[in-house]
Amino acid sequence: MTPATPLELAHPTLSPGREAWLKREDAHELGAFKWRGALPALESFRERGAAGVVTASTGNHGAAAAWAGRRLGLPVVVFAPEKVSRAKLALIEAQGAEVHLVGKDLDEAKSAAASFARNRGFAFFEDGAEPAQYEGYRKIGEEILDQLPAPPAAVVVPVGNGALICGIGTAVRERSPSTSVVGVAAAAAPVMALSFDAGRAVECGRMATFADGLAVRVAIPRAVETMRRVADRILLVSEREIASAVGAYARCGIRVEGAAAAPLAALPRLTGNGPAVLIVTGRNIDDDLHRRAVEAPESFP
């Protein structure tokens, strides 16, 4: 059984006036949480007789799928946008996946991946649409409640395709109904927040965030439906707020990517004063981008 990831008290400079805890999903060998969903999903594909798996990713999910494929003996093909993070591309390649760079964003890469899977006769793994992922992410919520002496007032989760908050939120709702489940999306990629507010998956053409883990343009209906049941609200944060949070973490000796910084960026907007848990989803960020966020957050809109 895989050990629980650390839950540690945040440095006071990160959360003045509020007790905050950091759920360090970045501590995994892949530097991100995605393995939790990829491994059970690929196990499910293997049980259904898949000869291989094709997926699309901006980085961490693709690396996790390839990592899981190596452990299960399943070939994995990853489609990524042409401008994918170099650090994340290297991580995917290091896990042995066949990689194709296609399209200007994740959704274009996803379309190409689905077509490739049909032609090759492989299973198509859409990140955020597999039930096994939700169960994998649920364990993060369970670990948080097991690790804390008392339930927190809030759990704050970055929202990309929504599967993470769905899994965590399901566990929290069942075991601690008084805990607020708050999602954080990029204002520059607001489709999941707009869909949450509308109560259904809506269309949105805006998607221009440097936080690639939040860079979603097309909502997944399953995630929106589940999110509506388990989340209290979704907050939007600007690119500059995300960059400033990356810098704040760096000054505490923690390297995070944009998506992982989003909960910290939203922390001042939380109501109440009780303890909050921030999900630190990953550390895989290009050096130049990290340096810019730390040294010049004002250069972001």
# chains A, B, ... in the order shown; residues from 1 in each chain; ligands from 1
>>> residues_around(residues="A:Trp21", least_positions_apart="5", cutoff="8 Å", atoms="only C-alpha atoms", output="list in words")
Leu7, Glu8, Leu9, Ala10, Pro275, Ala276, Val277 and Leu278 of chain A
>>> write_last_selection(atoms="C-alpha atoms", output="compact mmCIF listing (two decimals), in the first residue's frame")
# COMPACT_ATOMS: atom_id res chain seq x y z
CA LEU A 7 0.28 17.01 5.54
CA GLU A 8 2.25 19.85 7.08
CA LEU A 9 1.49 23.12 8.80
CA ALA A 10 2.11 26.05 6.46
CA PRO A 275 -8.07 25.94 9.57
CA ALA A 276 -7.80 25.45 5.82
CA VAL A 277 -6.07 22.67 3.88
CA LEU A 278 -4.46 23.65 0.58
>>> atom_distance(atom1="atom CA of A:Ala245", atom2="atom CA of A:Asp232")
22.6 Å
>>> atom_distance(atom1="atom CA of A:Ala97", atom2="atom CA of A:Leu30")
14.2 Å
>>> select_by_dssp(residues="stretch 96-286 of chain A", states="alpha helix (DSSP H)", output="PyMOL selection string")
chain A and resi 106-120+131-147+163-175+191-198+221-230+239-251+258-266
>>> select_by_dssp(residues="stretch 15-167 of chain A", states="strand (DSSP E or B)", output="ChimeraX atom specification")
/A:20-24,32,53-56,76-80,98-101,123-125,154-158
>>> residues_around(residues="A:Ala27", least_positions_apart="4", cutoff="9 Å", atoms="only C-alpha atoms", output="ChimeraX atom specification")
/A:5-6,31-33,282-283
>>> closest_residue(among="A:Thr226, A:Thr2, A:Asn273, A:Ser299", to="A:Pro131", atoms="only C-alpha atoms")
A:Thr226
